Structures are given as structure tokens and as C-alpha cells.
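What follows is the content of entry_29.pdb, which has PDB, C-alpha atoms and all ligand atoms:
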MODEL        1
ATOM      1  CA  MET E  25       0.000   0.000   0.000  1.00  0.00           C
ATOM      2  CA  TYR E  26       2.699   2.483   0.997  1.00  0.00           C
ATOM      3  CA  ASP E  27       4.759   1.591  -2.056  1.00  0.00           C
ATOM      4  CA  ARG E  28       1.746   1.808  -4.307  1.00  0.00           C
ATOM      5  CA  ILE E  29       1.127   5.388  -3.233  1.00  0.00           C
ATOM      6  CA  GLU E  30       4.751   6.474  -3.295  1.00  0.00           C
ATOM      7  CA  TYR E  31       5.358   5.175  -6.801  1.00  0.00           C
ATOM      8  CA  MET E  32       2.310   6.839  -8.304  1.00  0.00           C
ATOM      9  CA  GLU E  33       2.799   9.280 -11.141  1.00  0.00           C
ATOM     10  CA  LYS E  34       3.479  12.903 -10.232  1.00  0.00           C
ATOM     11  CA  VAL E  35      -0.155  13.986 -10.286  1.00  0.00           C
ATOM     12  CA  ILE E  36      -2.659  11.569  -8.824  1.00  0.00           C
ATOM     13  CA  ILE E  37      -6.138  11.790 -10.294  1.00  0.00           C
ATOM     14  CA  SER E  38      -8.895  10.621  -7.986  1.00  0.00           C
ATOM     15  CA  PRO E  39     -12.256  10.368  -9.791  1.00  0.00           C
ATOM     16  CA  SER E  40     -15.107  11.053  -7.370  1.00  0.00           C
ATOM     17  CA  ILE E  41     -17.773   8.387  -7.693  1.00  0.00           C
ATOM     18  CA  LEU E  42     -20.322  10.860  -6.304  1.00  0.00           C
ATOM     19  CA  SER E  43     -21.045  11.792  -9.920  1.00  0.00           C
ATOM     20  CA  ALA E  44     -21.103   8.173 -11.137  1.00  0.00           C
ATOM     21  CA  ASP E  45     -24.225   6.180 -11.932  1.00  0.00           C
ATOM     22  CA  PHE E  46     -24.779   4.408  -8.583  1.00  0.00           C
ATOM     23  CA  SER E  47     -26.994   1.780 -10.188  1.00  0.00           C
ATOM     24  CA  ASN E  48     -23.932   0.639 -12.158  1.00  0.00           C
ATOM     25  CA  LEU E  49     -21.260   1.367  -9.574  1.00  0.00           C
ATOM     26  CA  LYS E  50     -18.907  -1.507 -10.371  1.00  0.00           C
ATOM     27  CA  SER E  51     -18.849  -0.784 -14.079  1.00  0.00           C
ATOM     28  CA  GLU E  52     -18.423   2.941 -13.387  1.00  0.00           C
ATOM     29  CA  ILE E  53     -15.384   2.162 -11.191  1.00  0.00           C
ATOM     30  CA  ASP E  54     -13.959  -0.281 -13.744  1.00  0.00           C
ATOM     31  CA  ALA E  55     -14.458   2.350 -16.439  1.00  0.00           C
ATOM     32  CA  VAL E  56     -12.266   4.941 -14.693  1.00  0.00           C
ATOM     33  CA  LYS E  57      -9.691   2.237 -13.978  1.00  0.00           C
ATOM     34  CA  ASN E  58      -9.591   1.333 -17.670  1.00  0.00           C
ATOM     35  CA  ALA E  59      -9.306   5.058 -18.385  1.00  0.00           C
ATOM     36  CA  GLY E  60      -6.098   5.233 -16.319  1.00  0.00           C
ATOM     37  CA  ALA E  61      -7.200   6.062 -12.754  1.00  0.00           C
ATOM     38  CA  LYS E  62      -5.285   4.462  -9.862  1.00  0.00           C
ATOM     39  CA  TRP E  63      -7.439   5.940  -7.104  1.00  0.00           C
ATOM     40  CA  ILE E  64     -11.162   6.485  -6.616  1.00  0.00           C
ATOM     41  CA  HIS E  65     -12.525   9.174  -4.333  1.00  0.00           C
ATOM     42  CA  ILE E  66     -15.398   8.094  -2.094  1.00  0.00           C
ATOM     43  CA  ASP E  67     -17.427  10.921  -0.550  1.00  0.00           C
ATOM     44  CA  VAL E  68     -18.979   9.955   2.777  1.00  0.00           C
ATOM     45  CA  MET E  69     -21.604  12.474   3.971  1.00  0.00           C
ATOM     46  CA  ASP E  70     -23.705  12.185   7.108  1.00  0.00           C
ATOM     47  CA  GLY E  71     -26.421  14.832   6.752  1.00  0.00           C
ATOM     48  CA  HIS E  72     -24.975  16.691   9.777  1.00  0.00           C
ATOM     49  CA  PHE E  73     -21.480  17.937   8.945  1.00  0.00           C
ATOM     50  CA  VAL E  74     -22.839  18.590   5.445  1.00  0.00           C
ATOM     51  CA  PRO E  75     -26.498  18.752   4.389  1.00  0.00           C
ATOM     52  CA  ASN E  76     -26.276  15.734   2.073  1.00  0.00           C
ATOM     53  CA  ILE E  77     -26.260  11.975   2.834  1.00  0.00           C
ATOM     54  CA  THR E  78     -24.306   9.622   0.585  1.00  0.00           C
ATOM     55  CA  ILE E  79     -22.207   6.511   1.167  1.00  0.00           C
ATOM     56  CA  GLY E  80     -21.622   4.474   4.335  1.00  0.00           C
ATOM     57  CA  VAL E  81     -19.468   1.599   5.590  1.00  0.00           C
ATOM     58  CA  PRO E  82     -21.307  -1.284   3.830  1.00  0.00           C
ATOM     59  CA  VAL E  83     -20.901   0.355   0.423  1.00  0.00           C
ATOM     60  CA  VAL E  84     -17.170   0.913   0.987  1.00  0.00           C
ATOM     61  CA  LYS E  85     -16.895  -2.757   1.958  1.00  0.00           C
ATOM     62  CA  SER E  86     -18.588  -3.838  -1.274  1.00  0.00           C
ATOM     63  CA  ILE E  87     -16.451  -1.485  -3.367  1.00  0.00           C
ATOM     64  CA  LYS E  88     -13.319  -2.973  -1.777  1.00  0.00           C
ATOM     65  CA  LYS E  89     -14.358  -6.447  -2.939  1.00  0.00           C
ATOM     66  CA  SER E  90     -14.957  -5.278  -6.480  1.00  0.00           C
ATOM     67  CA  THR E  91     -11.817  -3.243  -7.259  1.00  0.00           C
ATOM     68  CA  ASP E  92      -8.098  -3.027  -6.531  1.00  0.00           C
ATOM     69  CA  LEU E  93      -8.002   0.766  -6.928  1.00  0.00           C
ATOM     70  CA  ILE E  94      -6.847   2.846  -3.953  1.00  0.00           C
ATOM     71  CA  LEU E  95      -9.929   3.820  -1.949  1.00  0.00           C
ATOM     72  CA  ASP E  96      -9.440   7.515  -1.227  1.00  0.00           C
ATOM     73  CA  THR E  97     -12.184   8.048   1.331  1.00  0.00           C
ATOM     74  CA  HIS E  98     -13.309  11.574   2.216  1.00  0.00           C
ATOM     75  CA  LEU E  99     -15.235  11.689   5.484  1.00  0.00           C
ATOM     76  CA  MET E 100     -17.558  14.686   5.602  1.00  0.00           C
ATOM     77  CA  ILE E 101     -18.997  13.597   8.924  1.00  0.00           C
ATOM     78  CA  GLU E 102     -19.281  14.728  12.511  1.00  0.00           C
ATOM     79  CA  ASN E 103     -17.324  12.813  15.139  1.00  0.00           C
ATOM     80  CA  PRO E 104     -14.942  11.178  12.617  1.00  0.00           C
ATOM     81  CA  LYS E 105     -13.007   9.343  15.362  1.00  0.00           C
ATOM     82  CA  LYS E 106     -15.987   7.083  15.983  1.00  0.00           C
ATOM     83  CA  TYR E 107     -15.944   5.820  12.390  1.00  0.00           C
ATOM     84  CA  ILE E 108     -12.222   5.341  11.737  1.00  0.00           C
ATOM     85  CA  GLU E 109     -12.195   1.689  12.702  1.00  0.00           C
ATOM     86  CA  PRO E 110     -15.318   0.665  10.735  1.00  0.00           C
ATOM     87  CA  PHE E 111     -14.110   2.425   7.573  1.00  0.00           C
ATOM     88  CA  SER E 112     -10.610   0.966   8.000  1.00  0.00           C
ATOM     89  CA  LYS E 113     -12.046  -2.534   8.365  1.00  0.00           C
ATOM     90  CA  ALA E 114     -14.236  -1.919   5.316  1.00  0.00           C
ATOM     91  CA  GLY E 115     -11.072  -1.405   3.273  1.00  0.00           C
ATOM     92  CA  ALA E 116     -10.399   2.324   3.000  1.00  0.00           C
ATOM     93  CA  ASP E 117      -6.760   2.927   1.989  1.00  0.00           C
ATOM     94  CA  ILE E 118      -6.844   6.642   2.804  1.00  0.00           C
ATOM     95  CA  LEU E 119      -9.150   8.246   5.359  1.00  0.00           C
ATOM     96  CA  THR E 120      -9.439  12.013   5.141  1.00  0.00           C
ATOM     97  CA  PHE E 121     -11.423  13.733   7.883  1.00  0.00           C
ATOM     98  CA  HIS E 122     -12.351  17.375   8.366  1.00  0.00           C
ATOM     99  CA  TYR E 123     -10.391  19.573  10.732  1.00  0.00           C
ATOM    100  CA  GLU E 124     -13.646  21.462  11.438  1.00  0.00           C
ATOM    101  CA  ALA E 125     -15.309  18.258  12.704  1.00  0.00           C
ATOM    102  CA  CYS E 126     -12.877  18.031  15.646  1.00  0.00           C
ATOM    103  CA  LYS E 127     -13.453  19.791  18.966  1.00  0.00           C
ATOM    104  CA  ASN E 128      -9.818  20.797  19.532  1.00  0.00           C
ATOM    105  CA  SER E 129      -6.267  20.099  18.389  1.00  0.00           C
ATOM    106  CA  GLU E 130      -5.971  17.104  20.744  1.00  0.00           C
ATOM    107  CA  GLU E 131      -8.849  15.483  18.908  1.00  0.00           C
ATOM    108  CA  VAL E 132      -7.249  16.237  15.533  1.00  0.00           C
ATOM    109  CA  LYS E 133      -4.057  14.490  16.634  1.00  0.00           C
ATOM    110  CA  GLU E 134      -5.966  11.568  18.133  1.00  0.00           C
ATOM    111  CA  THR E 135      -7.910  11.112  14.899  1.00  0.00           C
ATOM    112  CA  ILE E 136      -4.716  11.089  12.799  1.00  0.00           C
ATOM    113  CA  ASN E 137      -3.084   8.619  15.184  1.00  0.00           C
ATOM    114  CA  LEU E 138      -6.115   6.358  15.167  1.00  0.00           C
ATOM    115  CA  ILE E 139      -6.161   6.274  11.358  1.00  0.00           C
ATOM    116  CA  LYS E 140      -2.473   5.342  11.298  1.00  0.00           C
ATOM    117  CA  LYS E 141      -2.949   2.733  14.028  1.00  0.00           C
ATOM    118  CA  ASN E 142      -5.481   1.077  11.749  1.00  0.00           C
ATOM    119  CA  GLY E 143      -2.859   0.843   9.012  1.00  0.00           C
ATOM    120  CA  VAL E 144      -4.484   3.488   6.815  1.00  0.00           C
ATOM    121  CA  LYS E 145      -3.033   6.695   5.323  1.00  0.00           C
ATOM    122  CA  ALA E 146      -4.281   9.801   7.130  1.00  0.00           C
ATOM    123  CA  GLY E 147      -5.661  12.887   5.411  1.00  0.00           C
ATOM    124  CA  ILE E 148      -6.819  16.171   6.930  1.00  0.00           C
ATOM    125  CA  SER E 149      -9.191  18.469   5.073  1.00  0.00           C
ATOM    126  CA  ILE E 150     -10.190  22.112   5.356  1.00  0.00           C
ATOM    127  CA  LYS E 151     -13.352  23.823   4.133  1.00  0.00           C
ATOM    128  CA  PRO E 152     -13.181  27.045   2.072  1.00  0.00           C
ATOM    129  CA  LYS E 153     -13.551  29.370   5.072  1.00  0.00           C
ATOM    130  CA  THR E 154     -10.822  27.697   7.168  1.00  0.00           C
ATOM    131  CA  GLN E 155      -7.427  29.371   7.056  1.00  0.00           C
ATOM    132  CA  PRO E 156      -4.459  27.144   6.218  1.00  0.00           C
ATOM    133  CA  GLU E 157      -2.399  28.283   9.227  1.00  0.00           C
ATOM    134  CA  GLU E 158      -4.918  26.542  11.491  1.00  0.00           C
ATOM    135  CA  ILE E 159      -3.598  23.164  10.342  1.00  0.00           C
ATOM    136  CA  TYR E 160       0.152  23.814   9.950  1.00  0.00           C
ATOM    137  CA  GLU E 161       0.931  21.997  13.202  1.00  0.00           C
ATOM    138  CA  PHE E 162      -0.742  18.810  11.915  1.00  0.00           C
ATOM    139  CA  LEU E 163       0.951  18.658   8.509  1.00  0.00           C
ATOM    140  CA  PRO E 164       4.019  16.684   9.702  1.00  0.00           C
ATOM    141  CA  LEU E 165       1.661  14.046  11.153  1.00  0.00           C
ATOM    142  CA  ALA E 166      -0.506  13.569   8.065  1.00  0.00           C
ATOM    143  CA  ASP E 167       0.018  11.749   4.753  1.00  0.00           C
ATOM    144  CA  LEU E 168      -2.368  13.955   2.773  1.00  0.00           C
ATOM    145  CA  VAL E 169      -3.987  17.361   3.049  1.00  0.00           C
ATOM    146  CA  LEU E 170      -7.216  18.022   1.201  1.00  0.00           C
ATOM    147  CA  ILE E 171      -7.977  21.635   0.353  1.00  0.00           C
ATOM    148  CA  MET E 172     -11.670  21.986  -0.487  1.00  0.00           C
ATOM    149  CA  THR E 173     -12.217  24.294  -3.435  1.00  0.00           C
ATOM    150  CA  VAL E 174     -16.030  24.249  -2.983  1.00  0.00           C
ATOM    151  CA  GLU E 175     -18.224  24.053   0.116  1.00  0.00           C
ATOM    152  CA  PRO E 176     -18.395  20.316   0.830  1.00  0.00           C
ATOM    153  CA  GLY E 177     -21.724  18.611   0.289  1.00  0.00           C
ATOM    154  CA  PHE E 178     -22.446  18.401  -3.408  1.00  0.00           C
ATOM    155  CA  GLY E 179     -20.790  17.636  -6.712  1.00  0.00           C
ATOM    156  CA  GLY E 180     -20.973  19.925  -9.725  1.00  0.00           C
ATOM    157  CA  GLN E 181     -20.287  23.246  -7.956  1.00  0.00           C
ATOM    158  CA  GLU E 182     -18.104  26.053  -9.227  1.00  0.00           C
ATOM    159  CA  PHE E 183     -14.426  26.197  -8.247  1.00  0.00           C
ATOM    160  CA  ILE E 184     -13.652  28.925  -5.662  1.00  0.00           C
ATOM    161  CA  HIS E 185     -10.466  30.549  -6.945  1.00  0.00           C
ATOM    162  CA  ASP E 186      -9.479  32.091  -3.595  1.00  0.00           C
ATOM    163  CA  CYS E 187      -9.159  28.596  -2.096  1.00  0.00           C
ATOM    164  CA  ALA E 188      -6.437  27.690  -4.574  1.00  0.00           C
ATOM    165  CA  MET E 189      -4.196  30.319  -2.985  1.00  0.00           C
ATOM    166  CA  LYS E 190      -3.995  28.095   0.086  1.00  0.00           C
ATOM    167  CA  ILE E 191      -1.996  25.531  -1.912  1.00  0.00           C
ATOM    168  CA  PRO E 192       1.358  27.378  -1.866  1.00  0.00           C
ATOM    169  CA  GLN E 193       0.832  28.343   1.786  1.00  0.00           C
ATOM    170  CA  ILE E 194       0.291  24.712   2.752  1.00  0.00           C
ATOM    171  CA  LYS E 195       3.161  23.586   0.535  1.00  0.00           C
ATOM    172  CA  GLU E 196       5.530  25.968   2.235  1.00  0.00           C
ATOM    173  CA  HIS E 197       4.748  24.406   5.613  1.00  0.00           C
ATOM    174  CA  ALA E 198       4.429  20.791   4.502  1.00  0.00           C
ATOM    175  CA  PRO E 199       6.954  17.989   4.628  1.00  0.00           C
ATOM    176  CA  GLU E 200       8.166  17.071   1.154  1.00  0.00           C
ATOM    177  CA  ASN E 201       6.205  13.848   0.810  1.00  0.00           C
ATOM    178  CA  LEU E 202       2.818  15.233   1.896  1.00  0.00           C
ATOM    179  CA  ILE E 203       0.177  14.731  -0.792  1.00  0.00           C
ATOM    180  CA  ILE E 204      -1.585  18.028  -1.493  1.00  0.00           C
ATOM    181  CA  GLN E 205      -5.031  17.302  -2.875  1.00  0.00           C
ATOM    182  CA  VAL E 206      -7.770  19.636  -4.100  1.00  0.00           C
ATOM    183  CA  ASP E 207     -11.462  18.784  -4.402  1.00  0.00           C
ATOM    184  CA  GLY E 208     -14.371  20.653  -5.939  1.00  0.00           C
ATOM    185  CA  GLY E 209     -14.955  22.204  -9.340  1.00  0.00           C
ATOM    186  CA  ILE E 210     -11.859  20.619 -10.850  1.00  0.00           C
ATOM    187  CA  ASN E 211     -11.664  20.526 -14.658  1.00  0.00           C
ATOM    188  CA  ASN E 212      -8.776  20.823 -17.120  1.00  0.00           C
ATOM    189  CA  LEU E 213      -8.441  24.584 -16.499  1.00  0.00           C
ATOM    190  CA  THR E 214      -8.864  24.744 -12.714  1.00  0.00           C
ATOM    191  CA  GLY E 215      -6.782  21.562 -12.443  1.00  0.00           C
ATOM    192  CA  LYS E 216      -3.942  23.277 -14.279  1.00  0.00           C
ATOM    193  CA  ILE E 217      -4.104  26.244 -11.886  1.00  0.00           C
ATOM    194  CA  CYS E 218      -3.952  23.924  -8.856  1.00  0.00           C
ATOM    195  CA  LYS E 219      -1.036  21.916 -10.289  1.00  0.00           C
ATOM    196  CA  SER E 220       0.917  25.064 -11.056  1.00  0.00           C
ATOM    197  CA  LEU E 221       0.402  26.191  -7.444  1.00  0.00           C
ATOM    198  CA  GLY E 222       1.738  22.889  -6.108  1.00  0.00           C
ATOM    199  CA  ALA E 223      -1.169  20.426  -5.828  1.00  0.00           C
ATOM    200  CA  ASN E 224      -0.200  16.852  -6.670  1.00  0.00           C
ATOM    201  CA  SER E 225      -3.593  15.175  -6.417  1.00  0.00           C
ATOM    202  CA  LEU E 226      -6.787  16.281  -8.129  1.00  0.00           C
ATOM    203  CA  VAL E 227     -10.250  15.000  -7.240  1.00  0.00           C
ATOM    204  CA  ALA E 228     -12.715  15.336 -10.089  1.00  0.00           C
ATOM    205  CA  GLY E 229     -16.298  14.131 -10.088  1.00  0.00           C
ATOM    206  CA  SER E 230     -18.570  15.720 -12.637  1.00  0.00           C
ATOM    207  CA  TYR E 231     -15.734  16.659 -15.008  1.00  0.00           C
ATOM    208  CA  ILE E 232     -14.905  12.961 -15.473  1.00  0.00           C
ATOM    209  CA  TYR E 233     -18.213  11.198 -14.932  1.00  0.00           C
ATOM    210  CA  LYS E 234     -20.330  13.641 -16.913  1.00  0.00           C
ATOM    211  CA  SER E 235     -17.915  13.533 -19.859  1.00  0.00           C
ATOM    212  CA  ASP E 236     -18.478  11.198 -22.783  1.00  0.00           C
ATOM    213  CA  ASN E 237     -14.863   9.970 -22.724  1.00  0.00           C
ATOM    214  CA  TYR E 238     -13.419   9.192 -19.282  1.00  0.00           C
ATOM    215  CA  LYS E 239      -9.933   8.506 -20.677  1.00  0.00           C
ATOM    216  CA  LYS E 240      -9.741  11.862 -22.430  1.00  0.00           C
ATOM    217  CA  ALA E 241     -11.049  13.652 -19.332  1.00  0.00           C
ATOM    218  CA  ILE E 242      -8.501  11.968 -17.032  1.00  0.00           C
ATOM    219  CA  GLU E 243      -5.626  12.554 -19.446  1.00  0.00           C
ATOM    220  CA  SER E 244      -6.549  16.242 -19.714  1.00  0.00           C
ATOM    221  CA  LEU E 245      -5.989  16.546 -15.960  1.00  0.00           C
ATOM    222  CA  LEU E 246      -2.512  14.989 -15.948  1.00  0.00           C
TER     223      LEU E 246
HETATM  224  C1  LIG E 301     -17.963  17.654  -2.576  1.00  0.00           C
HETATM  225  C2  LIG E 301     -17.149  16.398  -2.672  1.00  0.00           C
HETATM  226  C3  LIG E 301     -16.430  16.234  -3.949  1.00  0.00           C
HETATM  227  C4  LIG E 301     -17.313  16.171  -5.166  1.00  0.00           C
HETATM  228  C5  LIG E 301     -16.581  16.912  -6.231  1.00  0.00           C
HETATM  229  O1  LIG E 301     -18.353  17.846  -1.276  1.00  0.00           O
HETATM  230  O2  LIG E 301     -16.193  16.342  -1.639  1.00  0.00           O
HETATM  231  O3  LIG E 301     -15.524  15.138  -3.931  1.00  0.00           O
HETATM  232  O4  LIG E 301     -17.567  14.874  -5.621  1.00  0.00           O
HETATM  233  O5  LIG E 301     -17.401  17.019  -7.323  1.00  0.00           O
HETATM  234  P1  LIG E 301     -17.037  17.947  -8.566  1.00  0.00           P
HETATM  235  O6  LIG E 301     -15.728  17.477  -9.104  1.00  0.00           O
HETATM  236  O7  LIG E 301     -18.182  17.715  -9.498  1.00  0.00           O
HETATM  237  O8  LIG E 301     -16.968  19.362  -8.052  1.00  0.00           O
HETATM  238 ZN    ZN E 302     -14.600  14.780  -1.802  1.00  0.00          ZN
ENDMDL
END

For this file, produce the structure as C-alpha cells.
Ligand code: DX5
Ligand code: ZN
Amino acid sequence: MYDRIEYMEKVIISPSILSADFSNLKSEIDAVKNAGAKWIHIDVMDGHFVPNITIGVPVVKSIKKSTDLILDTHLMIENPKKYIEPFSKAGADILTFHYEACKNSEEVKETINLIKKNGVKAGISIKPKTQPEEIYEFLPLADLVLIMTVEPGFGGQEFIHDCAMKIPQIKEHAPENLIIQVDGGINNLTGKICKSLGANSLVAGSYIYKSDNYKKAIESLL
């Protein structure tokens, strides 16, 4: 697992299955794999931290059985600590939780440690209104930082340009091997902006899944 992440190409594309056809989930996942994806992004929403409700533990477990892609799991939920073990057991390879969902910095550290204890890569995410300096102290502990470039909750929203300016700030304070991921409104143009600012992982939902050629869409992000 560690090797598989470290030897990935320079920019990791993580297609968000939120925009896939859920009635054909396996074929939608296979389709992005055949189009070149190595990761899939799984958006978990609880109806509390964000207004929407999406995927839970049983679905992640089924996805794990049906693909060998890296399961890049984005927890948009309250009380993430409570769900680290179930999602780890279900087969998540990366668990990214929201900084804003933790009560204090102790809880942030505990959540990162718990993810690692479960043998999973740990990601920390910030919403558009959260300032990057709030998470500098956690960057050396994490494997991935996810900068939201839309308000979390829904696919298909417009990229918030101001959020992209957090990328160089985070990069400046991050250890060299930290994966800097962006999520929300990513297409070939906004993806290029994020890459040029230092992002090395792009999540894209509607841009890939609403296109008529997944391979072309993924390649245009590389
Ligand atoms: C939004 C989710 C995203 C979403 C992105 O809360 O975290 O992963 O799927 O969708 P697009 O790429 O359509 O903005
Ligand atoms: Zn996401």
C-alpha cells in the first residue's frame, strides 16, 4: 500500500464516484480504472457535517471487494473518530477527515493517530472558510492534506479561486512527501491552476463522470 502510493505518477487523479451512476457502480469504477485512474474518491456524507447523505461503511466494503483501486475516502462527517475503525475494516486505503469536525487540536491528533494505528493513510481536510495556518501543526503528522475548493456537500459546484491560494501556503509548511489534494470544481483549467500552485492530487467528479470519454477527461488533468 505504501509503495503503491509512493510510486504513483506525479499527479494523482482521484475520480469522485459521487457523480457516477450508482446503479452501475462496479462498471463505473472499472471504467475509470480502464481510463487510467489508480485511485477512486469516495465521498462519505452524514447529513450533519454537510447537508447531504451519501455513502456508508457497507458500500465501501462492497467497493473494496470489487476493485483493486486505492480507496481515497473523504469523510464529511461529525465525530470522525468514531468511524475510523469501521471504515478501516471496510477497506479504506486513505481516510481524510475534516479539521472542522474536531473539537480541539488534541482530537485532531488523536484522529490522525487512530487512522495510522489502523494501518491506513491519514488525510486532513479544510473547508473554504478555514485558514491554512490553522492546520500547519498537523501537517508533519498527516500523509495527505485536502484543500476543499467548494463548500463540501455536493458535486458539480463552481471552483472557488481564492481557495487555490492556500496551496502554496500549505506547501511551504508541509513535509516534502505530503500529498496536497484539491477537491471541488476541478476541470482541465482549474486543475492546471492547482497543479501550477503545487497540488499533486486532483479530485474530479462531474468533469470525469459527466464527460463522454473518461480517458480523455482523465488525461486532460494529468
Ligand atoms: C464535494 C465532494 C467532492 C465532489 C466533487 O463535497 O467532496 O468530492 O464529488 O465534485 P465535482 O468534481 O463535481 O466538483
Ligand atoms: Zn470529496

Going by the chain IDs and residue numbers used in this file, which residues fall under the PyMOL selection byres (((not hetatm)) within 12 of (chain E and resi 302))? Write them as a ChimeraX atom specification. /E:38-43,64-69,74,78-79,95-101,119-122,147-151,169-181,205-210,225-230

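Nearest residue to Glu196 of chain E, choosing from E:Gly222, E:Gln155, E:Lys106, E:Ser90 and counting only C-alpha atoms: E:Gly222.
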
With distances taken over only C-alpha atoms, which residue among E:Glu200, E:Glu102, E:Glu182, E:Asp236 lies nearest Thr214 of chain E? E:Glu182

Name the residues captured by the PyMOL selection byres (((chain E and resi 52) around 12) and not hetatm) when it is applied to the shown file; answer as a ChimeraX atom specification. /E:39-51,53-59,61,64,87,90-91,229,232-234,238

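Between atom CA of Ala198 of chain E and atom CA of Asn212 of chain E lies a distance of 25.3 Å.
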
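When only C-alpha atoms are used to compute distances to Asp92 of chain E, the closest of the residues E:Glu158, E:Asp117, E:Asp186, E:Glu124 turns out to be E:Asp117.
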
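Counting all atoms listed in the file, the residue from E:Leu138, E:Ile184, E:Ile108, E:Met189 that sits nearest to ligand LIG 301 (chain E) is E:Ile184.
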